[in-house]
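Presented below is the structure to which this report refers.
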Amino acid sequence: MIVVKDLVRQFKSGDRTIKPVNGVSFELEKGSLASIVGKSGSGKSTLLSLLGALDKPTSGDVVVDGVSLAGLPDGKLTEYRRRDIGFVFQQFNLIPNLSAVDNVMLPMEFAGVRKAARLQRAKELLEQVQLDPEKHSRRTNRLSGGEQQRVAIARALANEPKLILADEPTGNLDEQTGEHIIELLSSLSRDHNTTILVVTHDRSLAQKTERCFRLQQGRLTEEVRTGSRR
Amino acid sequence: MSVLARSVGNAFRNKIRTAAVVAVLAVAIGLALAMLVANQAVGAKVQELNASVGTTLTVNPAGGQGFEGGGEPLTTAEAETAASVANVTSVVGTKALRLQTATTGTTDTTTGATAQQGPGGGFGPGGQQATVSTNLTAAVDAGTLGNRNGSAGTTTGTTGTTQPARTLPITATGIGAEVDSTGKALDITSGSGLGDYATAEAKALVGTSLAEKNSLTVGSTFTIQDKTFTVSGIFDAGTTFGNNAVYVTLPEAQTLAETPDELSTMIVTVNSMENVDSTKTAVQDALGTDKADVTQGQRNLETAVSSLDSVKNISLIAFIAALATAGIIILLIMVMLVRERRREIGVLKAIGARNRTIGLQFVLESLVLVALGSVVGAVIASLASGGIASALISSNSTTTAATTTQRGGGLAGAMPNGAVPGGGGMPGGGQGGPFGGASQLLTSVTASVSPGVLAAGIAAVFAVAIIGALVPALLTARIRPIEVLRGE
Ligand SMILES: Nc1ncnc2c1ncn2[C@@H]1O[C@H](COP(=O)(O)OP(=O)(O)OP(=O)(O)O)[C@@H](O)[C@H]1O
Ligand SMILES: [Mg+2]
């Protein structure tokens, strides 16, 4: 259960302040699958970074399972990111000189998972995101954009987080692979009770989520569903 | 993939840069290690020098310094006076002779010798060093220096006599105990000593190179001033020039020089290091300043020791400076790497890496670079340190050797060829003598790379590297995970 209360994040650019997130409030049930849409530059990535404790809000709070992020010291925030969050970055942000498997193993290493266990899980995850087995040990700066995106998704799933924040997870994928990723995320929310929030420009992906929010002028509004979902 | 494996991988991410960094580090580390080795070698030498010549005083006739000056020769009576001074354990008199090879018939030698000794006192002022003839040939070739020195002597001396072909003189020293002219025990390699050094006897100790040159063995004979001497032992002074010498008993030398009771120098041994200074004054007072100059054999060595000490200090400073340089190189490289990988550090934090994990990763990465630099640096050091140490020391001893040349007059030119064992070349030459010993010791400084010193040096390098890497590693703690969203 995630409760977002009146979240504000402002930036100073020159003498102007911009507020891509300006009073956002919403709640997400555990295990729900939701999407955020909005124009480029509307603040979607900014909002996601606040939820993932990558950044601190100017004001407001995020409460995860009753724990307020605003009240946590840095060490606890690190633990929160490590244990509870799986973040898929818009720019993938893989470590370029490490192999796909090594990238996926990183969060597990930080969490203290034994080496053999992390290797096995990393391989399983890469198979789940349909990365060619022969590319598992390839350095990620030698993978295509779509391949990198899938490695990034596998890495986000590594520690079985309770909240997955995915910024355009299908942006670089062909329709079929994209479908598969959506299916993978849906099954996680269904079967593992994982809460999933995706940012997307992809209408068809947004259609498939239980709830869909639109970020506009710093505010979040929930789209009223017209058609039937799933 | 562990932190260590990641650090090693990161160290080689940009191979050309890594090579450049390692090269620069290797030079700094190599220099540091070489300086440490030099420092140790010189330090050991200083100790050795201090230990070797701790307690002897040299007494020369007043006003006689080298071959210049005049004054009255020392006498056996003065030796007794010196021996009665408190804290003096022994007094050994020496009498120096110069043996000139007779090349153009033996009849000429006496006149030749007299002539050389004569007008203007070209050699041996104050009658400290008599020249006598011998059938021995010097083991040291005259060479350019010898000829230059020789011609100066012959123009004053041998007017009217057939000019002999240039040969270097041989030093013969009459000694009152089985020690060389600095008071150091003689190293007799075959045969035996002269037995009773207080009686005149036609026996001699011959240096190895001189013996070889003249095919002498124990029991062989040769002549000095037409008198036949038997070789009773062969000694090794450690240097070519030092081995071009003959020792006879003191009374024998006095007889040959026709100056009974006269001494060229006296070697006074003091009972302990602490008493050297006070005893020096006491001996000086007992003999009178108009009669004798008392110098601390060590005094000349003190110059050497103090210059060695400064070499030691310089090398220590250079070691620290090179070490600091290595530290600064590490610091700057790591600061650069941290800035360059800001975004990546943000990624690691965003996926839950602790600050200390990231900090450790950077420290380890710097240690990998330092380890490579140390390996290359140690190779550089082991190649360079011998050269560096001997360069430091030889530049140091050349300056002092030059001084000796001035003092020693004609003969001293031969000194740089091979160090004189404690002034064996010219035992009468006060300051020149003991210094010969010093320069011999100096040239024998070898900077051997001992594993212990090297290990200590590398440990110091690593300590500095950790300090250098710590600041950048701590900087990573300040990088926020949101860096991950910033553009490169
Ligand atoms: N650190 C920052 N300093 C100043 N302005 C920033 C900063 N980060 C983001 N912004 C601005 O905030 C706004 C929202 O950025 P954000 O990246 O959240 O947009 P977005 O909705 O993710 O866009 P896109 O769909 O293109 O990814 C943009 O106008 C951006 O320029
Ligand atoms: Mg974005």
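In the structure tokens, chains take the letters A, B, ... in the order shown, each chain's residues start at 1, and ligands count up from 1 in the order shown.
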Within 10 Å of ligand 2, which residues of chain A come that close, and what is the closest atom pair and distance in Å for each? Count only C-alpha atoms and all ligand atoms and give it as CSV.
residue,atom,partner,partner_atom_place_in_ligand_line,distance
A:Gly38,CA,ligand 2,1 (Mg),9.6
A:Lys39,CA,ligand 2,1 (Mg),9.4
A:Ser40,CA,ligand 2,1 (Mg),7.0
A:Gly41,CA,ligand 2,1 (Mg),6.9
A:Ser42,CA,ligand 2,1 (Mg),8.3
A:Gly43,CA,ligand 2,1 (Mg),6.9
A:Lys44,CA,ligand 2,1 (Mg),5.6
A:Ser45,CA,ligand 2,1 (Mg),4.0
A:Thr46,CA,ligand 2,1 (Mg),7.2
A:Leu47,CA,ligand 2,1 (Mg),9.2
A:Leu48,CA,ligand 2,1 (Mg),8.8
A:Ser49,CA,ligand 2,1 (Mg),9.8
A:Phe89,CA,ligand 2,1 (Mg),8.7
A:Gln90,CA,ligand 2,1 (Mg),6.3
A:Gln91,CA,ligand 2,1 (Mg),8.8
A:Asp167,CA,ligand 2,1 (Mg),6.7
A:Glu168,CA,ligand 2,1 (Mg),7.8
A:Val199,CA,ligand 2,1 (Mg),7.9
A:Thr200,CA,ligand 2,1 (Mg),9.1
Find the residues of chain B in contact range of chain A, meaning any atom within 12 Å when counting only C-alpha atoms, and list them as a ChimeraX atom specification.
/B:1-3,5-14,341,343-358,477-488
Pairwise distance for CA of Ser366 (chain B) and CA of Val464 (chain B), rounded to one decimal in Å:
11.0 Å
Rank nothing, just name the residue among A:Leu173, A:Ile36, A:Ala152, A:Leu165 nearest to Thr209 (chain A), using only C-alpha atoms.
A:Ile36
Å distance separating CA of Thr81 (chain B) from CA of Leu194 (chain B), one decimal place
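Spanning CA of Thr81 (chain B) to CA of Leu194 (chain B) is a straight-line distance of 25.5 Å.
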If you run DSSP on the backbone here, which positions in region 65-97 of chain A get alpha helix (DSSP H)? Please write them as a list in words.
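Answer for region 65-97 of chain A, restricted to alpha helix (DSSP H): Asp74, Gly75, Lys76, Leu77, Thr78, Glu79, Tyr80, Arg81, Arg82 and Arg83 of chain A.
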Report as a PDB file with N, CA, C and O atoms, in the first residue's frame all protein, DNA and RNA residues lying within 10 Å of region 14-29 of chain A, evaluated on only C-alpha atoms, omitting residues in the same chain fewer than 2 positions from it.
ATOM      1  N   MET A   1       0.836  -1.213   0.000  1.00  0.00           N
ATOM      2  CA  MET A   1       0.000   0.000   0.000  1.00  0.00           C
ATOM      3  C   MET A   1       0.864   1.255   0.000  1.00  0.00           C
ATOM      4  O   MET A   1       1.701   1.442   0.881  1.00  0.00           O
ATOM      5  N   ILE A   2       0.691   2.053  -1.055  1.00  0.00           N
ATOM      6  CA  ILE A   2       1.486   3.279  -1.161  1.00  0.00           C
ATOM      7  C   ILE A   2       0.563   4.487  -1.109  1.00  0.00           C
ATOM      8  O   ILE A   2      -0.410   4.568  -1.856  1.00  0.00           O
ATOM      9  N   VAL A   3       0.894   5.367  -0.198  1.00  0.00           N
ATOM     10  CA  VAL A   3       0.093   6.580  -0.072  1.00  0.00           C
ATOM     11  C   VAL A   3       0.973   7.778  -0.386  1.00  0.00           C
ATOM     12  O   VAL A   3       2.016   7.975   0.248  1.00  0.00           O
ATOM     13  N   VAL A   4       0.587   8.547  -1.403  1.00  0.00           N
ATOM     14  CA  VAL A   4       1.347   9.737  -1.790  1.00  0.00           C
ATOM     15  C   VAL A   4       0.560  10.956  -1.361  1.00  0.00           C
ATOM     16  O   VAL A   4      -0.610  11.086  -1.696  1.00  0.00           O
ATOM     17  N   LYS A   5       1.233  11.802  -0.549  1.00  0.00           N
ATOM     18  CA  LYS A   5       0.513  12.928   0.023  1.00  0.00           C
ATOM     19  C   LYS A   5       1.099  14.263  -0.427  1.00  0.00           C
ATOM     20  O   LYS A   5       2.204  14.620  -0.041  1.00  0.00           O
ATOM     21  N   ASP A   6       0.346  14.934  -1.278  1.00  0.00           N
ATOM     22  CA  ASP A   6       0.637  16.312  -1.633  1.00  0.00           C
ATOM     23  C   ASP A   6       2.108  16.539  -2.001  1.00  0.00           C
ATOM     24  O   ASP A   6       2.766  17.447  -1.509  1.00  0.00           O
ATOM     25  N   LEU A   7       2.570  15.702  -2.869  1.00  0.00           N
ATOM     26  CA  LEU A   7       3.987  15.707  -3.211  1.00  0.00           C
ATOM     27  C   LEU A   7       4.336  16.889  -4.129  1.00  0.00           C
ATOM     28  O   LEU A   7       3.644  17.150  -5.109  1.00  0.00           O
ATOM     29  N   VAL A   8       5.413  17.600  -3.775  1.00  0.00           N
ATOM     30  CA  VAL A   8       5.871  18.725  -4.595  1.00  0.00           C
ATOM     31  C   VAL A   8       7.374  18.576  -4.836  1.00  0.00           C
ATOM     32  O   VAL A   8       8.128  18.252  -3.930  1.00  0.00           O
ATOM     33  N   ARG A   9       7.750  18.752  -6.078  1.00  0.00           N
ATOM     34  CA  ARG A   9       9.191  18.806  -6.365  1.00  0.00           C
ATOM     35  C   ARG A   9       9.410  19.975  -7.294  1.00  0.00           C
ATOM     36  O   ARG A   9       8.858  20.018  -8.399  1.00  0.00           O
ATOM     37  N   GLN A  10      10.217  20.931  -6.846  1.00  0.00           N
ATOM     38  CA  GLN A  10      10.479  22.068  -7.724  1.00  0.00           C
ATOM     39  C   GLN A  10      11.950  22.170  -8.038  1.00  0.00           C
ATOM     40  O   GLN A  10      12.809  21.741  -7.276  1.00  0.00           O
ATOM     41  N   PHE A  11      12.221  22.692  -9.196  1.00  0.00           N
ATOM     42  CA  PHE A  11      13.602  22.927  -9.614  1.00  0.00           C
ATOM     43  C   PHE A  11      13.789  24.399  -9.878  1.00  0.00           C
ATOM     44  O   PHE A  11      12.898  25.061 -10.382  1.00  0.00           O
ATOM     45  N   LYS A  12      14.975  24.873  -9.570  1.00  0.00           N
ATOM     46  CA  LYS A  12      15.324  26.247  -9.952  1.00  0.00           C
ATOM     47  C   LYS A  12      16.108  26.168 -11.250  1.00  0.00           C
ATOM     48  O   LYS A  12      17.116  25.487 -11.329  1.00  0.00           O
ATOM     49  N   GLY A  31      -0.233  -4.842  -4.972  1.00  0.00           N
ATOM     50  CA  GLY A  31      -0.509  -5.761  -6.059  1.00  0.00           C
ATOM     51  C   GLY A  31      -1.217  -5.143  -7.243  1.00  0.00           C
ATOM     52  O   GLY A  31      -1.555  -5.840  -8.191  1.00  0.00           O
ATOM     53  N   SER A  32      -1.405  -3.800  -7.200  1.00  0.00           N
ATOM     54  CA  SER A  32      -2.098  -3.201  -8.341  1.00  0.00           C
ATOM     55  C   SER A  32      -1.118  -2.881  -9.462  1.00  0.00           C
ATOM     56  O   SER A  32       0.085  -2.748  -9.249  1.00  0.00           O
ATOM     57  N   LEU A  33      -1.641  -2.796 -10.665  1.00  0.00           N
ATOM     58  CA  LEU A  33      -0.848  -2.455 -11.838  1.00  0.00           C
ATOM     59  C   LEU A  33      -1.397  -1.156 -12.394  1.00  0.00           C
ATOM     60  O   LEU A  33      -2.548  -1.083 -12.804  1.00  0.00           O
ATOM     61  N   ALA A  34      -0.555  -0.091 -12.338  1.00  0.00           N
ATOM     62  CA  ALA A  34      -1.044   1.226 -12.744  1.00  0.00           C
ATOM     63  C   ALA A  34      -0.092   1.857 -13.735  1.00  0.00           C
ATOM     64  O   ALA A  34       1.076   1.493 -13.820  1.00  0.00           O
ATOM     65  N   GLY A  41       8.243  15.840 -20.712  1.00  0.00           N
ATOM     66  CA  GLY A  41       8.625  16.980 -19.863  1.00  0.00           C
ATOM     67  C   GLY A  41       7.571  17.317 -18.840  1.00  0.00           C
ATOM     68  O   GLY A  41       7.695  18.303 -18.110  1.00  0.00           O
ATOM     69  N   SER A  42       6.539  16.479 -18.737  1.00  0.00           N
ATOM     70  CA  SER A  42       5.462  16.797 -17.798  1.00  0.00           C
ATOM     71  C   SER A  42       5.839  16.441 -16.368  1.00  0.00           C
ATOM     72  O   SER A  42       5.158  16.839 -15.419  1.00  0.00           O
ATOM     73  N   GLY A  43       6.892  15.658 -16.180  1.00  0.00           N
ATOM     74  CA  GLY A  43       7.352  15.369 -14.815  1.00  0.00           C
ATOM     75  C   GLY A  43       7.169  13.934 -14.389  1.00  0.00           C
ATOM     76  O   GLY A  43       7.268  13.618 -13.205  1.00  0.00           O
ATOM     77  N   LYS A  44       6.937  13.036 -15.353  1.00  0.00           N
ATOM     78  CA  LYS A  44       6.693  11.639 -15.008  1.00  0.00           C
ATOM     79  C   LYS A  44       7.918  10.995 -14.358  1.00  0.00           C
ATOM     80  O   LYS A  44       7.818  10.339 -13.313  1.00  0.00           O
ATOM     81  N   SER A  45       9.065  11.199 -14.973  1.00  0.00           N
ATOM     82  CA  SER A  45      10.283  10.615 -14.417  1.00  0.00           C
ATOM     83  C   SER A  45      10.594  11.218 -13.052  1.00  0.00           C
ATOM     84  O   SER A  45      11.064  10.523 -12.136  1.00  0.00           O
ATOM     85  N   THR A  46      10.307  12.505 -12.914  1.00  0.00           N
ATOM     86  CA  THR A  46      10.551  13.172 -11.642  1.00  0.00           C
ATOM     87  C   THR A  46       9.697  12.546 -10.540  1.00  0.00           C
ATOM     88  O   THR A  46      10.180  12.257  -9.442  1.00  0.00           O
ATOM     89  N   LEU A  47       8.440  12.319 -10.857  1.00  0.00           N
ATOM     90  CA  LEU A  47       7.539  11.718  -9.877  1.00  0.00           C
ATOM     91  C   LEU A  47       8.017  10.316  -9.486  1.00  0.00           C
ATOM     92  O   LEU A  47       8.064   9.958  -8.306  1.00  0.00           O
ATOM     93  N   LEU A  50      10.811  10.269  -7.070  1.00  0.00           N
ATOM     94  CA  LEU A  50      10.409  10.567  -5.690  1.00  0.00           C
ATOM     95  C   LEU A  50       9.843   9.313  -5.023  1.00  0.00           C
ATOM     96  O   LEU A  50      10.116   9.040  -3.854  1.00  0.00           O
ATOM     97  N   PRO A  57      11.501  14.981  -2.060  1.00  0.00           N
ATOM     98  CA  PRO A  57      10.532  16.001  -2.482  1.00  0.00           C
ATOM     99  C   PRO A  57      10.788  17.332  -1.789  1.00  0.00           C
ATOM    100  O   PRO A  57      11.354  17.378  -0.704  1.00  0.00           O
ATOM    101  N   THR A  58      10.367  18.393  -2.451  1.00  0.00           N
ATOM    102  CA  THR A  58      10.451  19.711  -1.831  1.00  0.00           C
ATOM    103  C   THR A  58       9.493  19.748  -0.641  1.00  0.00           C
ATOM    104  O   THR A  58       9.803  20.289   0.413  1.00  0.00           O
ATOM    105  N   SER A  59       8.327  19.137  -0.853  1.00  0.00           N
ATOM    106  CA  SER A  59       7.408  18.969   0.273  1.00  0.00           C
ATOM    107  C   SER A  59       6.509  17.771  -0.015  1.00  0.00           C
ATOM    108  O   SER A  59       6.523  17.235  -1.113  1.00  0.00           O
ATOM    109  N   GLY A  60       5.746  17.399   0.990  1.00  0.00           N
ATOM    110  CA  GLY A  60       4.898  16.225   0.829  1.00  0.00           C
ATOM    111  C   GLY A  60       5.617  14.964   1.261  1.00  0.00           C
ATOM    112  O   GLY A  60       6.781  15.010   1.683  1.00  0.00           O
ATOM    113  N   ASP A  61       4.914  13.835   1.127  1.00  0.00           N
ATOM    114  CA  ASP A  61       5.494  12.599   1.650  1.00  0.00           C
ATOM    115  C   ASP A  61       4.991  11.386   0.866  1.00  0.00           C
ATOM    116  O   ASP A  61       3.938  11.433   0.220  1.00  0.00           O
ATOM    117  N   VAL A  62       5.801  10.362   0.923  1.00  0.00           N
ATOM    118  CA  VAL A  62       5.391   9.071   0.366  1.00  0.00           C
ATOM    119  C   VAL A  62       5.393   8.096   1.531  1.00  0.00           C
ATOM    120  O   VAL A  62       6.379   7.995   2.247  1.00  0.00           O
ATOM    121  N   VAL A  63       4.271   7.414   1.730  1.00  0.00           N
ATOM    122  CA  VAL A  63       4.201   6.454   2.831  1.00  0.00           C
ATOM    123  C   VAL A  63       4.047   5.061   2.246  1.00  0.00           C
ATOM    124  O   VAL A  63       3.093   4.780   1.533  1.00  0.00           O
ATOM    125  N   VAL A  64       5.012   4.226   2.517  1.00  0.00           N
ATOM    126  CA  VAL A  64       4.994   2.859   1.982  1.00  0.00           C
ATOM    127  C   VAL A  64       4.754   1.891   3.125  1.00  0.00           C
ATOM    128  O   VAL A  64       5.552   1.808   4.060  1.00  0.00           O
ATOM    129  N   ASN A 193       1.753 -10.424  -6.059  1.00  0.00           N
ATOM    130  CA  ASN A 193       1.246  -9.286  -5.296  1.00  0.00           C
ATOM    131  C   ASN A 193       2.186  -8.083  -5.336  1.00  0.00           C
ATOM    132  O   ASN A 193       2.292  -7.324  -4.389  1.00  0.00           O
ATOM    133  N   THR A 194       2.926  -7.989  -6.458  1.00  0.00           N
ATOM    134  CA  THR A 194       3.847  -6.871  -6.616  1.00  0.00           C
ATOM    135  C   THR A 194       3.088  -5.653  -7.133  1.00  0.00           C
ATOM    136  O   THR A 194       2.285  -5.770  -8.068  1.00  0.00           O
ATOM    137  N   THR A 195       3.325  -4.526  -6.521  1.00  0.00           N
ATOM    138  CA  THR A 195       2.707  -3.289  -6.986  1.00  0.00           C
ATOM    139  C   THR A 195       3.539  -2.755  -8.143  1.00  0.00           C
ATOM    140  O   THR A 195       4.768  -2.692  -8.046  1.00  0.00           O
ATOM    141  N   ILE A 196       2.870  -2.425  -9.239  1.00  0.00           N
ATOM    142  CA  ILE A 196       3.628  -1.987 -10.414  1.00  0.00           C
ATOM    143  C   ILE A 196       3.086  -0.671 -10.940  1.00  0.00           C
ATOM    144  O   ILE A 196       1.881  -0.497 -11.134  1.00  0.00           O
ATOM    145  N   LEU A 197       4.040   0.271 -11.130  1.00  0.00           N
ATOM    146  CA  LEU A 197       3.670   1.565 -11.680  1.00  0.00           C
ATOM    147  C   LEU A 197       4.553   1.813 -12.899  1.00  0.00           C
ATOM    148  O   LEU A 197       5.779   1.865 -12.777  1.00  0.00           O
ATOM    149  N   ARG A 211      -5.294   0.768 -13.515  1.00  0.00           N
ATOM    150  CA  ARG A 211      -5.583   2.192 -13.340  1.00  0.00           C
ATOM    151  C   ARG A 211      -4.619   2.979 -14.206  1.00  0.00           C
ATOM    152  O   ARG A 211      -3.505   2.541 -14.465  1.00  0.00           O
ATOM    153  N   PHE A 213      -3.107   6.991 -14.739  1.00  0.00           N
ATOM    154  CA  PHE A 213      -3.075   8.388 -14.299  1.00  0.00           C
ATOM    155  C   PHE A 213      -2.472   9.257 -15.392  1.00  0.00           C
ATOM    156  O   PHE A 213      -1.637   8.812 -16.171  1.00  0.00           O
ATOM    157  N   LEU A 215      -0.423  12.852 -15.902  1.00  0.00           N
ATOM    158  CA  LEU A 215       0.292  13.942 -15.223  1.00  0.00           C
ATOM    159  C   LEU A 215       0.282  15.164 -16.122  1.00  0.00           C
ATOM    160  O   LEU A 215       0.704  15.112 -17.275  1.00  0.00           O
ATOM    161  N   GLN A 216      -0.266  16.239 -15.596  1.00  0.00           N
ATOM    162  CA  GLN A 216      -0.417  17.447 -16.380  1.00  0.00           C
ATOM    163  C   GLN A 216      -0.224  18.647 -15.459  1.00  0.00           C
ATOM    164  O   GLN A 216      -0.841  18.709 -14.393  1.00  0.00           O
ATOM    165  N   GLN A 217       0.640  19.529 -15.878  1.00  0.00           N
ATOM    166  CA  GLN A 217       0.917  20.727 -15.076  1.00  0.00           C
ATOM    167  C   GLN A 217       1.166  20.417 -13.594  1.00  0.00           C
ATOM    168  O   GLN A 217       0.668  21.094 -12.704  1.00  0.00           O
ATOM    169  N   GLY A 218       1.907  19.364 -13.404  1.00  0.00           N
ATOM    170  CA  GLY A 218       2.300  19.032 -12.042  1.00  0.00           C
ATOM    171  C   GLY A 218       1.258  18.291 -11.230  1.00  0.00           C
ATOM    172  O   GLY A 218       1.501  17.957 -10.082  1.00  0.00           O
ATOM    173  N   ARG A 219       0.119  18.071 -11.832  1.00  0.00           N
ATOM    174  CA  ARG A 219      -0.959  17.404 -11.084  1.00  0.00           C
ATOM    175  C   ARG A 219      -1.293  16.066 -11.727  1.00  0.00           C
ATOM    176  O   ARG A 219      -1.166  15.889 -12.937  1.00  0.00           O
ATOM    177  N   LEU A 220      -1.748  15.157 -10.864  1.00  0.00           N
ATOM    178  CA  LEU A 220      -2.073  13.822 -11.345  1.00  0.00           C
ATOM    179  C   LEU A 220      -3.592  13.627 -11.322  1.00  0.00           C
ATOM    180  O   LEU A 220      -4.237  13.887 -10.313  1.00  0.00           O
ATOM    181  N   THR A 221      -4.118  13.227 -12.455  1.00  0.00           N
ATOM    182  CA  THR A 221      -5.560  12.942 -12.471  1.00  0.00           C
ATOM    183  C   THR A 221      -5.769  11.528 -12.990  1.00  0.00           C
ATOM    184  O   THR A 221      -5.041  11.073 -13.870  1.00  0.00           O
ATOM    185  N   GLU A 222      -6.714  10.842 -12.420  1.00  0.00           N
ATOM    186  CA  GLU A 222      -6.950   9.472 -12.862  1.00  0.00           C
ATOM    187  C   GLU A 222      -7.884   9.476 -14.061  1.00  0.00           C
ATOM    188  O   GLU A 222      -8.891  10.191 -14.080  1.00  0.00           O
TER     189      GLU A 222
END
May I have the residues within 8 Å of region 230-233 of chain B as a compact mmCIF listing (two decimals) with all heavy atoms, in the first residue's frame, using only C-alpha atoms and disregarding those fewer than 3 positions away in the same chain?
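In the end it all went to out-v9.txt:
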# COMPACT_ATOMS: atom_id res chain seq x y z
N ILE B 188 96.38 -10.08 6.55
CA ILE B 188 97.44 -10.88 5.93
C ILE B 188 96.83 -12.14 5.33
O ILE B 188 96.23 -12.95 6.04
CB ILE B 188 98.54 -11.21 6.96
CG1 ILE B 188 99.20 -9.89 7.38
CG2 ILE B 188 99.57 -12.16 6.36
CD1 ILE B 188 100.16 -10.01 8.52
N THR B 189 96.94 -12.25 4.01
CA THR B 189 96.26 -13.35 3.33
C THR B 189 97.13 -14.60 3.21
O THR B 189 96.63 -15.70 3.10
CB THR B 189 95.78 -12.93 1.93
OG1 THR B 189 96.90 -12.38 1.23
CG2 THR B 189 94.69 -11.88 2.02
N SER B 190 98.45 -14.40 3.18
CA SER B 190 99.31 -15.58 3.23
C SER B 190 100.59 -15.24 3.96
O SER B 190 100.95 -14.07 4.08
CB SER B 190 99.59 -16.11 1.82
OG SER B 190 100.42 -15.21 1.12
N GLY B 191 101.24 -16.24 4.46
CA GLY B 191 102.44 -16.01 5.25
C GLY B 191 102.07 -15.52 6.63
O GLY B 191 100.96 -15.76 7.12
N SER B 192 103.00 -14.81 7.27
CA SER B 192 102.72 -14.33 8.61
C SER B 192 103.17 -12.89 8.74
O SER B 192 103.75 -12.31 7.82
CB SER B 192 103.44 -15.21 9.63
OG SER B 192 104.83 -15.16 9.35
N GLY B 193 102.90 -12.31 9.87
CA GLY B 193 103.29 -10.93 10.14
C GLY B 193 104.80 -10.82 10.33
O GLY B 193 105.54 -11.77 10.12
N LEU B 194 105.21 -9.64 10.78
CA LEU B 194 106.66 -9.41 10.91
C LEU B 194 107.18 -9.83 12.27
O LEU B 194 108.36 -9.67 12.58
CB LEU B 194 106.97 -7.94 10.65
CG LEU B 194 106.60 -7.43 9.25
CD1 LEU B 194 106.86 -5.94 9.14
CD2 LEU B 194 107.38 -8.18 8.18
N ALA B 202 115.23 -7.57 8.21
CA ALA B 202 115.05 -7.44 6.76
C ALA B 202 113.88 -8.30 6.28
O ALA B 202 114.02 -9.18 5.45
CB ALA B 202 116.34 -7.81 6.04
N LYS B 203 112.74 -8.08 6.89
CA LYS B 203 111.53 -8.80 6.49
C LYS B 203 110.48 -7.76 6.08
O LYS B 203 110.51 -6.62 6.55
CB LYS B 203 110.99 -9.63 7.66
CG LYS B 203 111.89 -10.79 8.04
CD LYS B 203 111.12 -11.83 8.83
CE LYS B 203 110.69 -11.27 10.19
NZ LYS B 203 110.11 -12.33 11.05
N ALA B 204 109.57 -8.19 5.23
CA ALA B 204 108.56 -7.22 4.78
C ALA B 204 107.22 -7.90 4.50
O ALA B 204 107.16 -9.10 4.23
CB ALA B 204 109.05 -6.53 3.51
N LEU B 205 106.16 -7.07 4.62
CA LEU B 205 104.83 -7.50 4.18
C LEU B 205 104.57 -6.79 2.86
O LEU B 205 104.81 -5.59 2.73
CB LEU B 205 103.78 -7.09 5.22
CG LEU B 205 103.91 -7.77 6.58
CD1 LEU B 205 102.96 -7.10 7.57
CD2 LEU B 205 103.62 -9.26 6.48
N VAL B 206 104.09 -7.54 1.87
CA VAL B 206 103.90 -6.97 0.54
C VAL B 206 102.43 -7.07 0.16
O VAL B 206 101.78 -8.08 0.42
CB VAL B 206 104.78 -7.73 -0.48
CG1 VAL B 206 104.63 -7.14 -1.88
CG2 VAL B 206 106.22 -7.73 -0.04
N LEU B 216 106.25 -12.18 -6.43
CA LEU B 216 106.75 -12.47 -5.08
C LEU B 216 105.78 -13.40 -4.36
O LEU B 216 104.56 -13.25 -4.49
CB LEU B 216 106.89 -11.18 -4.26
CG LEU B 216 107.86 -10.12 -4.77
CD1 LEU B 216 107.80 -8.89 -3.90
CD2 LEU B 216 109.29 -10.67 -4.81
N THR B 217 106.33 -14.33 -3.63
CA THR B 217 105.50 -15.15 -2.75
C THR B 217 106.16 -15.12 -1.38
O THR B 217 107.24 -14.54 -1.23
CB THR B 217 105.41 -16.61 -3.24
OG1 THR B 217 106.74 -17.10 -3.42
CG2 THR B 217 104.63 -16.72 -4.54
N VAL B 218 105.54 -15.74 -0.42
CA VAL B 218 106.14 -15.77 0.90
C VAL B 218 107.49 -16.47 0.79
O VAL B 218 107.59 -17.55 0.20
CB VAL B 218 105.21 -16.51 1.90
CG1 VAL B 218 105.90 -16.66 3.26
CG2 VAL B 218 103.89 -15.79 2.03
N GLY B 219 108.51 -15.81 1.30
CA GLY B 219 109.86 -16.38 1.23
C GLY B 219 110.69 -15.80 0.09
O GLY B 219 111.91 -15.93 0.09
N SER B 220 110.04 -15.11 -0.87
CA SER B 220 110.80 -14.47 -1.95
C SER B 220 111.61 -13.31 -1.38
O SER B 220 111.36 -12.83 -0.28
CB SER B 220 109.87 -13.91 -3.02
OG SER B 220 108.98 -14.88 -3.48
N THR B 221 112.55 -12.84 -2.18
CA THR B 221 113.34 -11.69 -1.72
C THR B 221 113.30 -10.58 -2.74
O THR B 221 113.01 -10.79 -3.92
CB THR B 221 114.82 -12.10 -1.50
OG1 THR B 221 115.32 -12.63 -2.73
CG2 THR B 221 114.96 -13.12 -0.38
N PHE B 222 113.55 -9.37 -2.25
CA PHE B 222 113.70 -8.20 -3.13
C PHE B 222 114.62 -7.23 -2.40
O PHE B 222 115.03 -7.49 -1.27
CB PHE B 222 112.33 -7.58 -3.41
CG PHE B 222 111.63 -7.03 -2.19
CD1 PHE B 222 111.75 -5.68 -1.85
CD2 PHE B 222 110.89 -7.87 -1.37
CE1 PHE B 222 111.12 -5.18 -0.73
CE2 PHE B 222 110.25 -7.36 -0.25
CZ PHE B 222 110.37 -6.02 0.08
